[in-house]
file data-v6.txt (compact mmCIF, N, CA and C atoms)
# COMPACT_ATOMS: atom_id res chain seq x y z
N MET A 1 0.80 -1.18 0.00
CA MET A 1 0.00 0.00 0.00
C MET A 1 0.86 1.26 0.00
N LEU A 2 1.97 1.25 0.75
CA LEU A 2 2.86 2.41 0.77
C LEU A 2 3.57 2.59 -0.56
N ASP A 3 3.66 1.52 -1.35
CA ASP A 3 4.31 1.61 -2.65
C ASP A 3 3.56 2.54 -3.59
N ASP A 4 2.27 2.74 -3.36
CA ASP A 4 1.44 3.58 -4.22
C ASP A 4 1.58 5.06 -3.88
N ILE A 5 2.15 5.39 -2.73
CA ILE A 5 2.25 6.77 -2.28
C ILE A 5 3.57 7.36 -2.74
N ASP A 6 3.51 8.55 -3.33
CA ASP A 6 4.71 9.25 -3.78
C ASP A 6 5.20 10.14 -2.64
N ILE A 7 6.31 9.74 -2.02
CA ILE A 7 6.86 10.47 -0.89
C ILE A 7 8.03 11.32 -1.41
N PRO A 8 7.99 12.64 -1.21
CA PRO A 8 9.09 13.49 -1.67
C PRO A 8 10.44 13.06 -1.07
N GLY A 9 11.47 13.09 -1.90
CA GLY A 9 12.81 12.73 -1.43
C GLY A 9 13.10 11.24 -1.49
N THR A 10 12.18 10.45 -1.99
CA THR A 10 12.43 9.01 -2.12
C THR A 10 12.43 8.65 -3.60
N ARG A 11 13.06 7.54 -3.89
CA ARG A 11 13.10 7.06 -5.27
C ARG A 11 12.19 5.85 -5.41
N PRO A 12 11.58 5.69 -6.56
CA PRO A 12 10.74 4.51 -6.76
C PRO A 12 11.60 3.25 -6.79
N ARG A 13 11.02 2.14 -6.42
CA ARG A 13 11.74 0.86 -6.48
C ARG A 13 11.98 0.49 -7.93
N VAL A 14 13.15 -0.06 -8.19
CA VAL A 14 13.53 -0.42 -9.55
C VAL A 14 13.88 -1.90 -9.56
N ALA A 15 13.32 -2.62 -10.51
CA ALA A 15 13.68 -4.04 -10.66
C ALA A 15 15.03 -4.11 -11.34
N HIS A 16 15.96 -4.84 -10.73
CA HIS A 16 17.31 -4.95 -11.28
C HIS A 16 17.42 -6.16 -12.19
N LYS A 17 18.16 -5.96 -13.28
CA LYS A 17 18.41 -7.06 -14.21
C LYS A 17 19.50 -7.95 -13.62
N PRO A 18 19.56 -9.22 -14.01
CA PRO A 18 20.68 -10.06 -13.59
C PRO A 18 21.99 -9.47 -14.07
N ALA A 19 23.07 -9.74 -13.36
CA ALA A 19 24.37 -9.12 -13.66
C ALA A 19 24.80 -9.32 -15.11
N ALA A 20 24.53 -10.47 -15.71
CA ALA A 20 24.98 -10.74 -17.07
C ALA A 20 24.29 -9.83 -18.09
N GLU A 21 23.11 -9.35 -17.79
CA GLU A 21 22.36 -8.53 -18.73
C GLU A 21 22.57 -7.03 -18.54
N GLN A 22 23.21 -6.63 -17.44
CA GLN A 22 23.37 -5.21 -17.16
C GLN A 22 24.41 -4.59 -18.10
N PRO A 23 24.11 -3.41 -18.62
CA PRO A 23 25.10 -2.74 -19.46
C PRO A 23 26.26 -2.24 -18.60
N ARG A 24 27.37 -1.91 -19.24
CA ARG A 24 28.52 -1.38 -18.50
C ARG A 24 28.13 -0.06 -17.85
N THR A 25 28.54 0.08 -16.63
CA THR A 25 28.26 1.32 -15.91
C THR A 25 29.49 2.21 -15.99
N PRO A 26 29.33 3.51 -15.75
CA PRO A 26 30.48 4.41 -15.84
C PRO A 26 31.60 4.07 -14.85
N ASP A 27 31.29 3.34 -13.78
CA ASP A 27 32.33 2.99 -12.82
C ASP A 27 32.90 1.59 -13.05
N ALA A 28 32.49 0.91 -14.13
CA ALA A 28 33.07 -0.39 -14.46
C ALA A 28 34.53 -0.17 -14.85
N TRP A 29 35.38 -1.14 -14.55
CA TRP A 29 36.81 -0.95 -14.80
C TRP A 29 37.09 -0.69 -16.28
N ASP A 30 36.29 -1.27 -17.17
CA ASP A 30 36.58 -1.12 -18.59
C ASP A 30 35.68 -0.12 -19.30
N ALA A 31 35.09 0.79 -18.54
CA ALA A 31 34.15 1.75 -19.13
C ALA A 31 34.83 2.79 -20.03
N ARG A 32 36.09 3.11 -19.75
CA ARG A 32 36.75 4.17 -20.53
C ARG A 32 38.12 3.73 -21.05
N PRO A 33 38.13 2.92 -22.09
CA PRO A 33 39.43 2.52 -22.65
C PRO A 33 40.11 3.67 -23.38
N LYS A 34 41.41 3.59 -23.48
CA LYS A 34 42.18 4.57 -24.25
C LYS A 34 42.59 3.84 -25.53
N MET A 35 42.17 4.35 -26.65
CA MET A 35 42.49 3.73 -27.93
C MET A 35 43.74 4.41 -28.49
N LEU A 36 44.80 3.62 -28.69
CA LEU A 36 46.04 4.14 -29.25
C LEU A 36 46.41 3.34 -30.49
N THR A 37 46.93 4.03 -31.48
CA THR A 37 47.42 3.35 -32.68
C THR A 37 48.93 3.34 -32.62
N ILE A 38 49.49 2.14 -32.60
CA ILE A 38 50.93 1.97 -32.52
C ILE A 38 51.34 1.07 -33.68
N ASN A 39 52.26 1.55 -34.51
CA ASN A 39 52.71 0.82 -35.70
C ASN A 39 51.53 0.36 -36.56
N GLY A 40 50.54 1.24 -36.73
CA GLY A 40 49.40 0.93 -37.57
C GLY A 40 48.37 0.01 -36.96
N ARG A 41 48.57 -0.38 -35.70
CA ARG A 41 47.63 -1.27 -35.01
C ARG A 41 46.94 -0.51 -33.89
N THR A 42 45.61 -0.55 -33.86
CA THR A 42 44.87 0.13 -32.81
C THR A 42 44.72 -0.80 -31.61
N LEU A 43 45.11 -0.28 -30.46
CA LEU A 43 45.08 -1.07 -29.22
C LEU A 43 44.10 -0.48 -28.23
N GLU A 44 43.39 -1.33 -27.52
CA GLU A 44 42.49 -0.91 -26.45
C GLU A 44 43.28 -1.05 -25.15
N LEU A 45 43.57 0.09 -24.53
CA LEU A 45 44.41 0.09 -23.34
C LEU A 45 43.70 0.78 -22.18
N PHE A 46 44.17 0.47 -20.96
CA PHE A 46 43.53 1.01 -19.76
C PHE A 46 44.60 1.51 -18.80
N TYR A 47 44.25 2.58 -18.08
CA TYR A 47 45.16 3.14 -17.08
C TYR A 47 45.24 2.24 -15.85
N ILE A 48 46.21 2.51 -15.00
CA ILE A 48 46.41 1.73 -13.79
C ILE A 48 45.17 1.79 -12.88
N SER A 49 44.43 2.89 -12.93
CA SER A 49 43.22 2.99 -12.11
C SER A 49 42.19 1.93 -12.51
N ALA A 50 42.12 1.61 -13.80
CA ALA A 50 41.21 0.55 -14.26
C ALA A 50 41.68 -0.81 -13.75
N LEU A 51 42.97 -1.06 -13.82
CA LEU A 51 43.51 -2.32 -13.30
C LEU A 51 43.22 -2.44 -11.82
N ALA A 52 43.47 -1.39 -11.07
CA ALA A 52 43.23 -1.41 -9.62
C ALA A 52 41.76 -1.68 -9.32
N ARG A 53 40.86 -1.00 -10.02
CA ARG A 53 39.42 -1.18 -9.81
C ARG A 53 39.02 -2.62 -10.17
N ALA A 54 39.63 -3.16 -11.21
CA ALA A 54 39.28 -4.51 -11.68
C ALA A 54 39.61 -5.59 -10.66
N ILE A 55 40.64 -5.37 -9.84
CA ILE A 55 41.02 -6.39 -8.86
C ILE A 55 40.81 -5.93 -7.42
N ASN A 56 39.96 -4.91 -7.26
CA ASN A 56 39.58 -4.43 -5.93
C ASN A 56 40.77 -3.96 -5.10
N ARG A 57 41.65 -3.21 -5.72
CA ARG A 57 42.81 -2.65 -5.04
C ARG A 57 42.90 -1.17 -5.36
N SER A 58 43.83 -0.48 -4.71
CA SER A 58 44.08 0.93 -5.01
C SER A 58 45.28 1.02 -5.95
N THR A 59 45.41 2.18 -6.60
CA THR A 59 46.58 2.37 -7.46
C THR A 59 47.85 2.37 -6.61
N ARG A 60 47.76 2.84 -5.38
CA ARG A 60 48.93 2.82 -4.48
C ARG A 60 49.41 1.39 -4.24
N THR A 61 48.46 0.47 -4.11
CA THR A 61 48.83 -0.93 -3.90
C THR A 61 49.58 -1.46 -5.12
N ILE A 62 49.08 -1.17 -6.31
CA ILE A 62 49.76 -1.63 -7.54
C ILE A 62 51.16 -1.02 -7.62
N HIS A 63 51.29 0.27 -7.31
CA HIS A 63 52.61 0.92 -7.30
C HIS A 63 53.54 0.23 -6.29
N ALA A 64 53.03 -0.07 -5.11
CA ALA A 64 53.84 -0.73 -4.08
C ALA A 64 54.27 -2.12 -4.55
N TRP A 65 53.36 -2.85 -5.17
CA TRP A 65 53.71 -4.18 -5.69
C TRP A 65 54.81 -4.07 -6.74
N GLU A 66 54.71 -3.07 -7.61
CA GLU A 66 55.75 -2.87 -8.63
C GLU A 66 57.09 -2.57 -7.96
N TYR A 67 57.07 -1.67 -6.98
CA TYR A 67 58.30 -1.28 -6.28
C TYR A 67 58.96 -2.49 -5.61
N LYS A 68 58.14 -3.38 -5.05
CA LYS A 68 58.65 -4.58 -4.37
C LYS A 68 58.87 -5.74 -5.34
N ASN A 69 58.71 -5.48 -6.63
CA ASN A 69 58.88 -6.49 -7.68
C ASN A 69 57.90 -7.66 -7.52
N LEU A 70 56.70 -7.35 -7.05
CA LEU A 70 55.64 -8.35 -6.91
C LEU A 70 54.65 -8.28 -8.07
N PHE A 71 54.82 -7.28 -8.93
CA PHE A 71 53.93 -7.07 -10.06
C PHE A 71 54.75 -6.45 -11.19
N PRO A 72 54.55 -6.90 -12.43
CA PRO A 72 55.36 -6.35 -13.53
C PRO A 72 55.01 -4.90 -13.87
N GLN A 73 56.03 -4.14 -14.26
CA GLN A 73 55.79 -2.77 -14.71
C GLN A 73 55.36 -2.83 -16.17
N PRO A 74 54.39 -2.00 -16.55
CA PRO A 74 53.88 -2.06 -17.92
C PRO A 74 54.92 -1.60 -18.94
N VAL A 75 54.77 -2.11 -20.14
CA VAL A 75 55.66 -1.74 -21.22
C VAL A 75 55.27 -0.37 -21.78
N LEU A 76 53.97 -0.11 -21.83
CA LEU A 76 53.48 1.14 -22.43
C LEU A 76 53.16 2.19 -21.37
N ARG A 77 53.56 3.41 -21.68
CA ARG A 77 53.23 4.56 -20.84
C ARG A 77 52.89 5.74 -21.73
N VAL A 78 51.92 6.53 -21.29
CA VAL A 78 51.54 7.75 -22.00
C VAL A 78 52.23 8.90 -21.31
N PRO A 79 52.91 9.77 -22.07
CA PRO A 79 53.57 10.92 -21.42
C PRO A 79 52.57 11.80 -20.67
N ARG A 80 53.01 12.31 -19.54
CA ARG A 80 52.17 13.23 -18.76
C ARG A 80 52.21 14.61 -19.42
N ARG A 81 51.11 15.32 -19.27
CA ARG A 81 51.06 16.69 -19.80
C ARG A 81 51.95 17.59 -18.95
N GLY A 82 52.90 18.20 -19.59
CA GLY A 82 53.78 19.14 -18.89
C GLY A 82 54.69 18.50 -17.86
N GLY A 83 54.72 17.19 -17.81
CA GLY A 83 55.53 16.50 -16.81
C GLY A 83 56.88 16.10 -17.35
N GLN A 84 57.71 17.08 -17.58
CA GLN A 84 59.02 16.81 -18.15
C GLN A 84 59.86 15.99 -17.18
N GLY A 85 60.37 14.88 -17.67
CA GLY A 85 61.24 14.05 -16.86
C GLY A 85 60.50 13.04 -15.99
N LEU A 86 59.17 13.17 -15.87
CA LEU A 86 58.42 12.22 -15.07
C LEU A 86 57.99 11.03 -15.92
N PRO A 87 57.96 9.83 -15.34
CA PRO A 87 57.49 8.69 -16.12
C PRO A 87 56.02 8.88 -16.47
N GLY A 88 55.61 8.33 -17.59
CA GLY A 88 54.24 8.49 -18.05
C GLY A 88 53.26 7.61 -17.31
N LYS A 89 51.99 7.82 -17.62
CA LYS A 89 50.92 7.02 -17.00
C LYS A 89 50.96 5.61 -17.54
N ARG A 90 50.78 4.64 -16.65
CA ARG A 90 50.85 3.24 -17.00
C ARG A 90 49.63 2.81 -17.80
N LEU A 91 49.85 1.97 -18.82
CA LEU A 91 48.77 1.45 -19.65
C LEU A 91 48.86 -0.08 -19.71
N TYR A 92 47.70 -0.72 -19.63
CA TYR A 92 47.61 -2.18 -19.66
C TYR A 92 46.58 -2.60 -20.69
N SER A 93 46.79 -3.75 -21.30
CA SER A 93 45.84 -4.27 -22.29
C SER A 93 44.66 -4.94 -21.59
N ARG A 94 43.55 -5.03 -22.31
CA ARG A 94 42.37 -5.72 -21.79
C ARG A 94 42.73 -7.19 -21.48
N GLN A 95 43.46 -7.82 -22.39
CA GLN A 95 43.83 -9.23 -22.21
C GLN A 95 44.62 -9.43 -20.91
N PHE A 96 45.54 -8.52 -20.62
CA PHE A 96 46.33 -8.63 -19.40
C PHE A 96 45.45 -8.43 -18.16
N ILE A 97 44.62 -7.39 -18.16
CA ILE A 97 43.77 -7.13 -16.99
C ILE A 97 42.80 -8.28 -16.75
N GLU A 98 42.19 -8.80 -17.81
CA GLU A 98 41.27 -9.92 -17.63
C GLU A 98 42.00 -11.15 -17.09
N GLY A 99 43.25 -11.35 -17.52
CA GLY A 99 44.05 -12.44 -16.99
C GLY A 99 44.38 -12.24 -15.52
N VAL A 100 44.70 -11.02 -15.14
CA VAL A 100 45.01 -10.71 -13.73
C VAL A 100 43.77 -10.92 -12.87
N ILE A 101 42.60 -10.54 -13.37
CA ILE A 101 41.35 -10.76 -12.63
C ILE A 101 41.16 -12.26 -12.38
N ARG A 102 41.34 -13.06 -13.44
CA ARG A 102 41.17 -14.51 -13.32
C ARG A 102 42.15 -15.09 -12.29
N ILE A 103 43.41 -14.68 -12.37
CA ILE A 103 44.43 -15.18 -11.45
C ILE A 103 44.11 -14.75 -10.02
N ALA A 104 43.70 -13.50 -9.83
CA ALA A 104 43.37 -13.01 -8.49
C ALA A 104 42.23 -13.82 -7.88
N LYS A 105 41.23 -14.14 -8.69
CA LYS A 105 40.11 -14.96 -8.19
C LYS A 105 40.59 -16.37 -7.84
N GLU A 106 41.38 -16.96 -8.71
CA GLU A 106 41.86 -18.33 -8.48
C GLU A 106 42.80 -18.42 -7.27
N GLU A 107 43.55 -17.36 -7.02
CA GLU A 107 44.51 -17.37 -5.90
C GLU A 107 43.90 -16.84 -4.60
N GLY A 108 42.64 -16.46 -4.64
CA GLY A 108 41.95 -16.02 -3.43
C GLY A 108 42.31 -14.63 -2.95
N VAL A 109 42.81 -13.79 -3.85
CA VAL A 109 43.16 -12.42 -3.45
C VAL A 109 42.24 -11.39 -4.08
N TYR A 110 41.17 -11.81 -4.71
CA TYR A 110 40.28 -10.89 -5.40
C TYR A 110 39.26 -10.25 -4.47
N ASP A 111 38.60 -11.04 -3.66
CA ASP A 111 37.48 -10.55 -2.88
C ASP A 111 37.86 -9.69 -1.68
N ASP A 112 38.93 -10.03 -0.99
CA ASP A 112 39.30 -9.31 0.22
C ASP A 112 40.62 -8.58 0.00
N PRO A 113 40.61 -7.24 -0.05
CA PRO A 113 41.84 -6.50 -0.31
C PRO A 113 42.89 -6.59 0.80
N TYR A 114 42.54 -7.14 1.95
CA TYR A 114 43.49 -7.19 3.06
C TYR A 114 44.10 -8.56 3.28
N SER A 115 43.54 -9.58 2.66
CA SER A 115 44.05 -10.91 2.94
C SER A 115 43.74 -11.82 1.78
N PRO A 116 44.49 -12.80 1.43
CA PRO A 116 45.81 -13.07 1.99
C PRO A 116 46.88 -12.18 1.36
N ASP A 117 48.03 -12.16 1.98
CA ASP A 117 49.17 -11.43 1.43
C ASP A 117 49.56 -12.13 0.13
N ILE A 118 49.70 -11.38 -0.94
CA ILE A 118 49.98 -12.02 -2.23
C ILE A 118 51.30 -12.78 -2.22
N ARG A 119 52.18 -12.45 -1.27
CA ARG A 119 53.46 -13.19 -1.19
C ARG A 119 53.26 -14.61 -0.70
N ASN A 120 52.09 -14.91 -0.13
CA ASN A 120 51.79 -16.26 0.35
C ASN A 120 50.96 -17.04 -0.67
N THR A 121 50.92 -16.55 -1.90
CA THR A 121 50.16 -17.21 -2.97
C THR A 121 51.05 -17.32 -4.20
N ASN A 122 50.50 -17.89 -5.25
CA ASN A 122 51.20 -17.96 -6.54
C ASN A 122 50.80 -16.80 -7.45
N PHE A 123 50.13 -15.81 -6.90
CA PHE A 123 49.64 -14.69 -7.68
C PHE A 123 50.77 -14.02 -8.46
N THR A 124 51.84 -13.65 -7.79
CA THR A 124 52.93 -12.92 -8.44
C THR A 124 53.55 -13.72 -9.57
N ALA A 125 53.89 -14.97 -9.32
CA ALA A 125 54.52 -15.81 -10.34
C ALA A 125 53.60 -15.96 -11.55
N ARG A 126 52.32 -16.17 -11.29
CA ARG A 126 51.37 -16.36 -12.38
C ARG A 126 51.16 -15.08 -13.18
N VAL A 127 51.15 -13.93 -12.51
CA VAL A 127 50.99 -12.66 -13.21
C VAL A 127 52.21 -12.37 -14.07
N PHE A 128 53.42 -12.66 -13.58
CA PHE A 128 54.61 -12.46 -14.40
C PHE A 128 54.60 -13.39 -15.61
N GLU A 129 54.12 -14.63 -15.45
CA GLU A 129 53.98 -15.55 -16.59
C GLU A 129 53.00 -14.99 -17.62
N LEU A 130 51.87 -14.48 -17.13
CA LEU A 130 50.87 -13.87 -18.00
C LEU A 130 51.48 -12.69 -18.74
N PHE A 131 52.25 -11.86 -18.03
CA PHE A 131 52.88 -10.70 -18.62
C PHE A 131 53.82 -11.12 -19.75
N ASP A 132 54.57 -12.19 -19.54
CA ASP A 132 55.47 -12.70 -20.58
C ASP A 132 54.68 -13.20 -21.80
N GLU A 133 53.49 -13.78 -21.55
CA GLU A 133 52.68 -14.30 -22.65
C GLU A 133 52.00 -13.21 -23.47
N VAL A 134 51.36 -12.26 -22.79
CA VAL A 134 50.55 -11.26 -23.50
C VAL A 134 51.20 -9.89 -23.57
N GLY A 135 52.24 -9.67 -22.82
CA GLY A 135 52.98 -8.41 -22.89
C GLY A 135 52.40 -7.26 -22.11
N GLY A 136 51.49 -7.51 -21.20
CA GLY A 136 50.96 -6.44 -20.35
C GLY A 136 50.05 -5.57 -21.11
call {"tool": "encode", "arguments": {"input": "data-v6.txt", "output": "structure tokens"}}
result
Amino acid sequence: MLDDIDIPGTRPRVAHKPAAEQPRTPDAWDARPKMLTINGRTLELFYISALARAINRSTRTIHAWEYKNLFPQPVLRVPRRGGQGLPGKRLYSRQFIEGVIRIAKEEGVYDDPYSPDIRNTNFTARVFELFDEVGG
């Protein structure tokens, strides 16, 4: 009965579609790819923020993993605007990110950002293998 009453400041109930049928949302990790043409080939690439969002981590965590040699550094970087001498923004391929997501889920480090420590899993070794296969 209360469903029929329009109460100011409330939103109507919305039936949600199953996850498989939902369109990409603006906050999905792959919502904003960067398309670059390199040697005549157009590549779909993503910034480190997309990678971090895809595996439920922060960009700081990815940077820390790189610093500790627990995660490979990307081959491609986009120069920063006006950032002379600074390294460019990191770019990763869709294939690499999707592989990292799969590995993170299989190694049990996807759901909980605090546990387990990736050093106690095969996550790092498997991600470096993936990086060698697909090139990041």
call {"tool": "select_by_dssp", "arguments": {"input": "data-v6.txt", "residues": "segment 67-135 of chain A", "states": "strand (DSSP E)", "output": "PDB file with N, CA and C atoms, keeping the file's coordinate frame"}}
result
ATOM      1  N   LEU A  76      53.970  -0.110 -21.830  1.00  0.00           N
ATOM      2  CA  LEU A  76      53.480   1.140 -22.430  1.00  0.00           C
ATOM      3  C   LEU A  76      53.160   2.190 -21.370  1.00  0.00           C
ATOM      4  N   ARG A  77      53.560   3.410 -21.680  1.00  0.00           N
ATOM      5  CA  ARG A  77      53.230   4.560 -20.840  1.00  0.00           C
ATOM      6  C   ARG A  77      52.890   5.740 -21.730  1.00  0.00           C
ATOM      7  N   VAL A  78      51.920   6.530 -21.290  1.00  0.00           N
ATOM      8  CA  VAL A  78      51.540   7.750 -22.000  1.00  0.00           C
ATOM      9  C   VAL A  78      52.230   8.900 -21.310  1.00  0.00           C
ATOM     10  N   LYS A  89      51.990   7.820 -17.620  1.00  0.00           N
ATOM     11  CA  LYS A  89      50.920   7.020 -17.000  1.00  0.00           C
ATOM     12  C   LYS A  89      50.960   5.610 -17.540  1.00  0.00           C
ATOM     13  N   ARG A  90      50.780   4.640 -16.650  1.00  0.00           N
ATOM     14  CA  ARG A  90      50.850   3.240 -17.000  1.00  0.00           C
ATOM     15  C   ARG A  90      49.630   2.810 -17.800  1.00  0.00           C
ATOM     16  N   LEU A  91      49.850   1.970 -18.820  1.00  0.00           N
ATOM     17  CA  LEU A  91      48.770   1.450 -19.650  1.00  0.00           C
ATOM     18  C   LEU A  91      48.860  -0.080 -19.710  1.00  0.00           C
ATOM     19  N   TYR A  92      47.700  -0.720 -19.630  1.00  0.00           N
ATOM     20  CA  TYR A  92      47.610  -2.180 -19.660  1.00  0.00           C
ATOM     21  C   TYR A  92      46.580  -2.600 -20.690  1.00  0.00           C
ATOM     22  N   SER A  93      46.790  -3.750 -21.300  1.00  0.00           N
ATOM     23  CA  SER A  93      45.840  -4.270 -22.290  1.00  0.00           C
ATOM     24  C   SER A  93      44.660  -4.940 -21.590  1.00  0.00           C
TER      25      SER A  93
END
call {"tool": "residues_around", "arguments": {"input": "data-v6.txt", "residues": "Lys34 of chain A", "least_positions_apart": "2", "cutoff": "8 Å", "atoms": "only C-alpha atoms", "output": "ChimeraX atom specification"}}
result
/A:32,36,44-47
call {"tool": "residues_around", "arguments": {"input": "data-v6.txt", "residues": "Asp30 of chain A", "least_positions_apart": "6", "cutoff": "8 Å", "atoms": "only N, CA and C atoms", "output": "PyMOL selection string"}}
result
chain A and resi 24+46+50-51+53-54
call {"tool": "atom_distance", "arguments": {"input": "data-v6.txt", "atom1": "atom CA of Arg126 of chain A", "atom2": "atom C of Ile103 of chain A"}}
result
7.8 Å
call {"tool": "atom_distance", "arguments": {"input": "data-v6.txt", "atom1": "atom CA of Val134 of chain A", "atom2": "atom CA of Asp111 of chain A"}}
result
24.4 Å
call {"tool": "residues_around", "arguments": {"input": "data-v6.txt", "residues": "Asn122 of chain A", "least_positions_apart": "2", "cutoff": "12 Å", "atoms": "only C-alpha atoms", "output": "MDAnalysis selection string"}}
result
chainID A and resid 70:71 100 103:109 116:120 124:129
call {"tool": "select_by_dssp", "arguments": {"input": "data-v6.txt", "residues": "segment 26-57 of chain A", "states": "helix (DSSP H, G or I)", "output": "PyMOL selection string"}}
result
chain A and resi 48-54
call {"tool": "atom_distance", "arguments": {"input": "data-v6.txt", "atom1": "atom C of Ile48 of chain A", "atom2": "atom C of Ser93 of chain A"}}
result
11.0 Å
